[in-house]
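What follows is a set of notes on a single structure, which appears directly below.
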There are 2 protein chains.
Amino acid sequence: MPTISNYTFDEISIGQTATYAKTIGEQDIVQFAVLSGDANPVHLDAGYAATTQFGERIAHGMLTGAIISAALAMKLPGPGSIYLSQSLRFTAPVTIGDVVTVKLEVTDKNERRGFVTMHTEAVNQDGKRVATGEAQLLAPKEKLVLQQPELPTVTLST
Amino acid sequence: MPTISNYTFDEISIGQTATYAKTIGEQDIVQFAVLSGDANPVHLDAGYAATTQFGERIAHGMLTGAIISAALAMKLPGPGSIYLSQSLRFTAPVTIGDVVTVKLEVTDKNERRGFVTMHTEAVNQDGKRVATGEAQLLAPKEKLVLQQPELPTVTLST
């Protein structure tokens with residue numbers, strides 16, 4: 001079974017980086033719509049989306065937020081982190097088939113309070129920035145190596 | 001077929017409010033894990049979660065972010081908005097069965113650039129604030145009344 005591990009506060013250094021990537025499939029957009037309740041046709045209806053300034057279906061901005069949050073939780077600092085805050089500026093649309101790569105970089109450590117500040121940026125396959133911002137997390141105190149729970153398969157049916 | 005409509009920039013006034021609620025089911029947390037890739041056991045494994053400071057499975061923080069984004073996209077300003085930025089401060093955990101209610105309030109309008117600033121807050125069924133922050137959106141210029149696309153049913157299978 002695959003495991004996930006973390007970096008404790010003491011193991012984290014300013015300038016440390018991590019990346020995490022996900023390809024945005026059509027089903028991801030539909031699943032985000034179901035999960036959030038955001039059923040706007042710009043995300044779901046190709047015919048309508050073609051009439052907008054985007055010209056095609058776009059992913060929900062906060063789907064990129066979800067991927068950034070997963071990068072923090074899975075990669076750096078990883079399990080045992082507590083998410084305190086996140087800022088997001090959405091800078092370009094994400095469309096079906098795009099590969100969103102999250103780049104994390106530790107920019108500050110607060111020794112007294114045990115939290116870390118990270119620069120969080122998401123770029124597409126052309127290197128274009130689609131979202132940028134900053135996260136603060138309470139970093140793990142203890143080293144954890146956890147079995148990664150198995151995820152189910154999701155099936156969509158109309 | 002249900003429709004969704006928006007408030008144009010000119011129709012939006014400072015102090016205007018809207019709410020949007022969602023009950024967080026166990027399947028929502030699993031779906032968020034699949035969609036984002038965040039398979040941390042604190043979200044998925046009741047046995048492990050019982051050993052953490054939370055004592056039980058908690059929802060991913062950014063699931064609340066997703067619900068806030070849906071409130072903006074579906075309620076105020078609604079369709080045709082362009083999401084520019086969102087800040088989120090996570091202030092309390094969300095657990096299975098919680099009813100998360102998003103409260104939106106327009107706090108500023110930028111006449112020159114056509115964008116609105118909104119206070120975004122999410123509370124649980126006890127009125128406890130689980131997340132707070134601010135959103136900026138380019139508000140729609142045109143009134144839209146759109147047919148809401150039908151969403152599929154999601155089935156999870158191991």
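Chain labels run A, B, ... following the order of the structure tokens; each chain numbers its residues from 1, and ligands are numbered from 1 in the order shown.
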Which residues of chain A come within 7 Å of chain B, and what is each one's closest atom pair and distance in Å (one decimal), counting only C-alpha atoms, sorted by chain and residue number, as a Markdown table?
```
| residue | atom | partner | partner_atom | distance |
| --- | --- | --- | --- | --- |
| A:Asp28 | CA | B:Leu35 | CA | 6.4 |
| A:Val34 | CA | B:Leu151 | CA | 6.4 |
| A:Leu35 | CA | B:Asp28 | CA | 6.4 |
| A:Ser36 | CA | B:Ile67 | CA | 5.1 |
| A:Gly37 | CA | B:Ala70 | CA | 6.0 |
| A:Asp38 | CA | B:Ala70 | CA | 4.6 |
| A:Ala39 | CA | B:Pro149 | CA | 6.4 |
| A:Asn40 | CA | B:Pro79 | CA | 6.4 |
| A:Pro41 | CA | B:Pro149 | CA | 6.2 |
| A:Leu44 | CA | B:Pro149 | CA | 6.8 |
| A:Met62 | CA | B:Ala66 | CA | 5.8 |
| A:Ala66 | CA | B:Ser36 | CA | 5.5 |
| A:Ile67 | CA | B:Ser36 | CA | 5.1 |
| A:Ser69 | CA | B:Met62 | CA | 6.6 |
| A:Ala70 | CA | B:Asp38 | CA | 4.6 |
| A:Ala73 | CA | B:Asp38 | CA | 6.4 |
| A:Met74 | CA | B:Asp38 | CA | 6.2 |
| A:Pro79 | CA | B:Asn40 | CA | 6.4 |
| A:Tyr83 | CA | B:Phe90 | CA | 6.8 |
| A:Leu84 | CA | B:Phe90 | CA | 5.2 |
| A:Ser85 | CA | B:Arg89 | CA | 4.2 |
| A:Gln86 | CA | B:Leu88 | CA | 5.2 |
| A:Ser87 | CA | B:Ser87 | CA | 4.2 |
| A:Leu88 | CA | B:Gln86 | CA | 5.2 |
| A:Arg89 | CA | B:Ser85 | CA | 4.2 |
| A:Phe90 | CA | B:Leu84 | CA | 5.3 |
| A:Gln148 | CA | B:Ala39 | CA | 6.4 |
| A:Pro149 | CA | B:Pro41 | CA | 6.2 |
| A:Leu151 | CA | B:Val34 | CA | 6.4 |
| A:Pro152 | CA | B:Thr158 | CA | 4.4 |
| A:Thr153 | CA | B:Ser157 | CA | 5.2 |
| A:Val154 | CA | B:Leu156 | CA | 4.7 |
| A:Thr155 | CA | B:Thr155 | CA | 5.0 |
| A:Leu156 | CA | B:Val154 | CA | 4.7 |
| A:Ser157 | CA | B:Pro152 | CA | 5.1 |
| A:Thr158 | CA | B:Pro152 | CA | 4.4 |
```
Please write the residues from the selection above to a file, keeping N, CA, C and O atoms, as a CSV table (one decimal), in the first residue's frame.
```csv
chain,number,residue,atom,x,y,z
A,28,ASP,N,-13.5,15.9,-14.3
A,28,ASP,CA,-13.1,16.7,-13.1
A,28,ASP,C,-14.0,17.9,-12.9
A,28,ASP,O,-14.4,18.3,-11.8
A,34,VAL,N,-20.8,19.0,-9.4
A,34,VAL,CA,-21.7,18.3,-8.5
A,34,VAL,C,-21.3,18.5,-7.0
A,34,VAL,O,-22.2,18.8,-6.2
A,35,LEU,N,-20.1,18.5,-6.7
A,35,LEU,CA,-19.6,18.6,-5.3
A,35,LEU,C,-19.9,20.0,-4.8
A,35,LEU,O,-20.4,20.1,-3.6
A,36,SER,N,-19.6,21.1,-5.5
A,36,SER,CA,-19.8,22.4,-5.0
A,36,SER,C,-21.2,22.9,-5.2
A,36,SER,O,-21.7,23.8,-4.5
A,37,GLY,N,-21.9,22.4,-6.2
A,37,GLY,CA,-23.2,23.0,-6.6
A,37,GLY,C,-23.1,24.1,-7.6
A,37,GLY,O,-24.1,24.6,-8.0
A,38,ASP,N,-21.9,24.4,-8.1
A,38,ASP,CA,-21.7,25.4,-9.1
A,38,ASP,C,-22.0,24.8,-10.5
A,38,ASP,O,-21.1,24.2,-11.1
A,39,ALA,N,-23.2,24.9,-11.0
A,39,ALA,CA,-23.6,24.3,-12.3
A,39,ALA,C,-23.7,25.4,-13.4
A,39,ALA,O,-24.5,25.3,-14.3
A,40,ASN,N,-22.8,26.4,-13.3
A,40,ASN,CA,-22.8,27.4,-14.4
A,40,ASN,C,-22.5,26.8,-15.7
A,40,ASN,O,-21.5,26.0,-15.8
A,41,PRO,N,-23.2,27.1,-16.8
A,41,PRO,CA,-23.0,26.5,-18.1
A,41,PRO,C,-21.7,26.8,-18.7
A,41,PRO,O,-21.2,26.1,-19.6
A,44,LEU,N,-20.0,23.7,-18.0
A,44,LEU,CA,-20.7,22.5,-18.3
A,44,LEU,C,-21.2,22.4,-19.7
A,44,LEU,O,-21.5,21.3,-20.2
A,62,MET,N,-11.9,27.5,-8.4
A,62,MET,CA,-11.6,26.9,-7.1
A,62,MET,C,-11.1,25.4,-7.3
A,62,MET,O,-10.6,24.8,-6.3
A,66,ALA,N,-8.4,23.7,-5.1
A,66,ALA,CA,-8.4,22.3,-4.5
A,66,ALA,C,-7.1,21.6,-4.8
A,66,ALA,O,-6.6,20.9,-3.9
A,67,ILE,N,-6.5,21.8,-6.0
A,67,ILE,CA,-5.3,21.1,-6.3
A,67,ILE,C,-4.1,21.7,-5.5
A,67,ILE,O,-3.2,21.0,-5.1
A,69,SER,N,-4.4,22.9,-2.5
A,69,SER,CA,-4.6,22.4,-1.2
A,69,SER,C,-4.1,21.0,-1.1
A,69,SER,O,-3.5,20.6,-0.1
A,70,ALA,N,-4.3,20.2,-2.1
A,70,ALA,CA,-3.8,18.8,-2.1
A,70,ALA,C,-2.3,18.8,-2.2
A,70,ALA,O,-1.6,18.0,-1.5
A,73,ALA,N,-1.1,19.3,1.3
A,73,ALA,CA,-1.5,18.2,2.2
A,73,ALA,C,-0.7,16.9,1.9
A,73,ALA,O,-0.5,16.1,2.8
A,74,MET,N,-0.3,16.8,0.6
A,74,MET,CA,0.3,15.5,0.2
A,74,MET,C,1.8,15.7,0.1
A,74,MET,O,2.6,14.7,0.3
A,79,PRO,N,1.1,15.3,5.5
A,79,PRO,CA,0.1,14.9,6.6
A,79,PRO,C,0.4,15.5,7.9
A,79,PRO,O,1.6,15.6,8.3
A,83,TYR,N,-4.2,23.6,8.0
A,83,TYR,CA,-4.3,24.7,7.0
A,83,TYR,C,-4.9,25.9,7.7
A,83,TYR,O,-6.0,25.9,8.2
A,84,LEU,N,-4.2,27.0,7.7
A,84,LEU,CA,-4.6,28.2,8.4
A,84,LEU,C,-5.3,29.2,7.5
A,84,LEU,O,-6.3,29.8,7.7
A,85,SER,N,-4.6,29.4,6.3
A,85,SER,CA,-5.1,30.4,5.4
A,85,SER,C,-4.6,30.1,4.0
A,85,SER,O,-3.5,29.5,3.8
A,86,GLN,N,-5.3,30.7,3.0
A,86,GLN,CA,-4.9,30.6,1.6
A,86,GLN,C,-5.4,31.8,0.9
A,86,GLN,O,-6.6,32.2,1.0
A,87,SER,N,-4.5,32.5,0.2
A,87,SER,CA,-5.0,33.5,-0.8
A,87,SER,C,-4.8,33.0,-2.2
A,87,SER,O,-3.9,32.2,-2.5
A,88,LEU,N,-5.7,33.4,-3.0
A,88,LEU,CA,-5.7,32.9,-4.4
A,88,LEU,C,-6.0,34.1,-5.3
A,88,LEU,O,-7.0,34.8,-5.1
A,89,ARG,N,-5.2,34.3,-6.3
A,89,ARG,CA,-5.5,35.2,-7.4
A,89,ARG,C,-5.6,34.4,-8.7
A,89,ARG,O,-4.6,33.7,-9.0
A,90,PHE,N,-6.7,34.5,-9.3
A,90,PHE,CA,-6.9,33.7,-10.6
A,90,PHE,C,-6.5,34.5,-11.8
A,90,PHE,O,-7.0,35.6,-12.0
A,148,GLN,N,-1.6,5.3,2.8
A,148,GLN,CA,-2.6,6.2,2.0
A,148,GLN,C,-3.8,5.4,1.8
A,148,GLN,O,-3.8,4.4,1.1
A,149,PRO,N,-5.0,5.9,2.3
A,149,PRO,CA,-6.2,5.2,2.1
A,149,PRO,C,-6.5,5.0,0.6
A,149,PRO,O,-6.2,5.9,-0.2
A,151,LEU,N,-8.6,5.1,-2.7
A,151,LEU,CA,-9.7,5.9,-3.1
A,151,LEU,C,-10.6,5.1,-4.0
A,151,LEU,O,-10.2,4.3,-4.8
A,152,PRO,N,-11.9,5.4,-3.9
A,152,PRO,CA,-12.9,4.6,-4.8
A,152,PRO,C,-12.8,5.2,-6.2
A,152,PRO,O,-12.2,6.2,-6.5
A,153,THR,N,-13.5,4.5,-7.1
A,153,THR,CA,-13.7,4.9,-8.5
A,153,THR,C,-15.0,5.7,-8.5
A,153,THR,O,-15.9,5.3,-7.9
A,154,VAL,N,-14.9,6.8,-9.2
A,154,VAL,CA,-16.1,7.7,-9.4
A,154,VAL,C,-16.7,7.4,-10.7
A,154,VAL,O,-16.0,7.5,-11.7
A,155,THR,N,-18.0,7.2,-10.7
A,155,THR,CA,-18.8,7.0,-12.0
A,155,THR,C,-19.8,8.1,-12.1
A,155,THR,O,-20.6,8.3,-11.1
A,156,LEU,N,-19.9,8.7,-13.2
A,156,LEU,CA,-21.0,9.7,-13.4
A,156,LEU,C,-22.0,9.1,-14.3
A,156,LEU,O,-21.7,8.6,-15.4
A,157,SER,N,-23.3,9.3,-14.0
A,157,SER,CA,-24.3,8.8,-14.9
A,157,SER,C,-25.5,9.8,-14.9
A,157,SER,O,-25.9,10.4,-13.9
A,158,THR,N,-26.1,10.0,-16.1
A,158,THR,CA,-27.2,11.0,-16.2
A,158,THR,C,-28.5,10.2,-16.0
A,158,THR,O,-28.6,9.0,-16.2
```
Check your understanding: Which polymer residues have any atom within 6 Å of an atom of Leu138 in chain B, counting only C-alpha atoms, with same-chain residues fewer than 6 positions away left out, as JSON, numbers by chain?
Key -> {"B": [81, 82, 114, 115]}
Written file, previous selection with N, CA and C atoms, as a PDB file, in the first residue's frame:
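Just written: again-v4.pdb:
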```
ATOM      1  N   SER B  81     -20.013  36.234 -13.903  1.00  0.00           N
ATOM      2  CA  SER B  81     -18.963  36.814 -13.060  1.00  0.00           C
ATOM      3  C   SER B  81     -17.615  36.216 -13.451  1.00  0.00           C
ATOM      4  N   ILE B  82     -16.571  36.977 -13.261  1.00  0.00           N
ATOM      5  CA  ILE B  82     -15.222  36.427 -13.414  1.00  0.00           C
ATOM      6  C   ILE B  82     -14.507  36.562 -12.066  1.00  0.00           C
ATOM      7  N   GLY B 114     -15.140  47.963 -12.702  1.00  0.00           N
ATOM      8  CA  GLY B 114     -16.287  47.047 -12.807  1.00  0.00           C
ATOM      9  C   GLY B 114     -16.209  45.851 -11.889  1.00  0.00           C
ATOM     10  N   PHE B 115     -15.378  45.916 -10.862  1.00  0.00           N
ATOM     11  CA  PHE B 115     -15.366  44.758  -9.983  1.00  0.00           C
ATOM     12  C   PHE B 115     -15.956  45.051  -8.612  1.00  0.00           C
TER      13      PHE B 115
END
```
Point to revise | Distance query range 99-110 of chain A at most 6 Å, only C-alpha atoms, self and fewer than 2 positions along chain excluded, as an MDAnalysis selection string | key: chainID A and resid 14:23 112:125
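Of the residues listed (A:Gly127, A:Gly47, A:Pro140, A:Gly97), A:Pro140 shows the shortest atom-to-atom separation from Leu76 in chain A; distances use only C-alpha atoms.
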Point to revise | Contacts of Glu56 in chain B within 7 Å, only C-alpha atoms, excl. fewer than 3 positions in-chain, as a PyMOL selection string | key: chain B and resi 46+49-50
Would you export the selected residues with N, CA, C and O atoms as a compact mmCIF listing (two decimals), in the first residue's frame, please?
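What landed in again.txt:
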```txt
# COMPACT_ATOMS: atom_id res chain seq x y z
N ALA B 46 -11.52 6.81 9.64
CA ALA B 46 -12.08 7.16 10.96
C ALA B 46 -11.16 6.72 12.09
O ALA B 46 -11.02 7.43 13.10
N ALA B 49 -8.27 9.15 12.17
CA ALA B 49 -8.74 10.48 12.56
C ALA B 49 -9.02 10.55 14.06
O ALA B 49 -8.81 11.60 14.70
N ALA B 50 -9.45 9.42 14.63
CA ALA B 50 -9.74 9.38 16.08
C ALA B 50 -8.48 9.62 16.91
O ALA B 50 -8.57 10.06 18.06
```
Sel. of strand (DSSP E) residues, range 42-104 of chain A, as a PDB file with C-alpha atoms, in the first residue's frame:
```pdb
ATOM      1  CA  ILE A  82      -3.195  22.319   9.710  1.00  0.00           C
ATOM      2  CA  TYR A  83      -4.335  24.695   6.996  1.00  0.00           C
ATOM      3  CA  LEU A  84      -4.637  28.194   8.425  1.00  0.00           C
ATOM      4  CA  SER A  85      -5.119  30.380   5.386  1.00  0.00           C
ATOM      5  CA  GLN A  86      -4.859  30.601   1.631  1.00  0.00           C
ATOM      6  CA  SER A  87      -4.999  33.518  -0.758  1.00  0.00           C
ATOM      7  CA  LEU A  88      -5.682  32.937  -4.427  1.00  0.00           C
ATOM      8  CA  ARG A  89      -5.502  35.243  -7.396  1.00  0.00           C
ATOM      9  CA  PHE A  90      -6.896  33.681 -10.552  1.00  0.00           C
ATOM     10  CA  VAL A  99      -2.010  20.043 -16.989  1.00  0.00           C
ATOM     11  CA  VAL A 100      -2.007  22.172 -13.840  1.00  0.00           C
ATOM     12  CA  THR A 101       1.292  22.069 -11.958  1.00  0.00           C
ATOM     13  CA  VAL A 102       1.399  23.518  -8.472  1.00  0.00           C
ATOM     14  CA  LYS A 103       4.726  24.936  -7.325  1.00  0.00           C
ATOM     15  CA  LEU A 104       5.188  25.418  -3.610  1.00  0.00           C
TER      16      LEU A 104
END
```
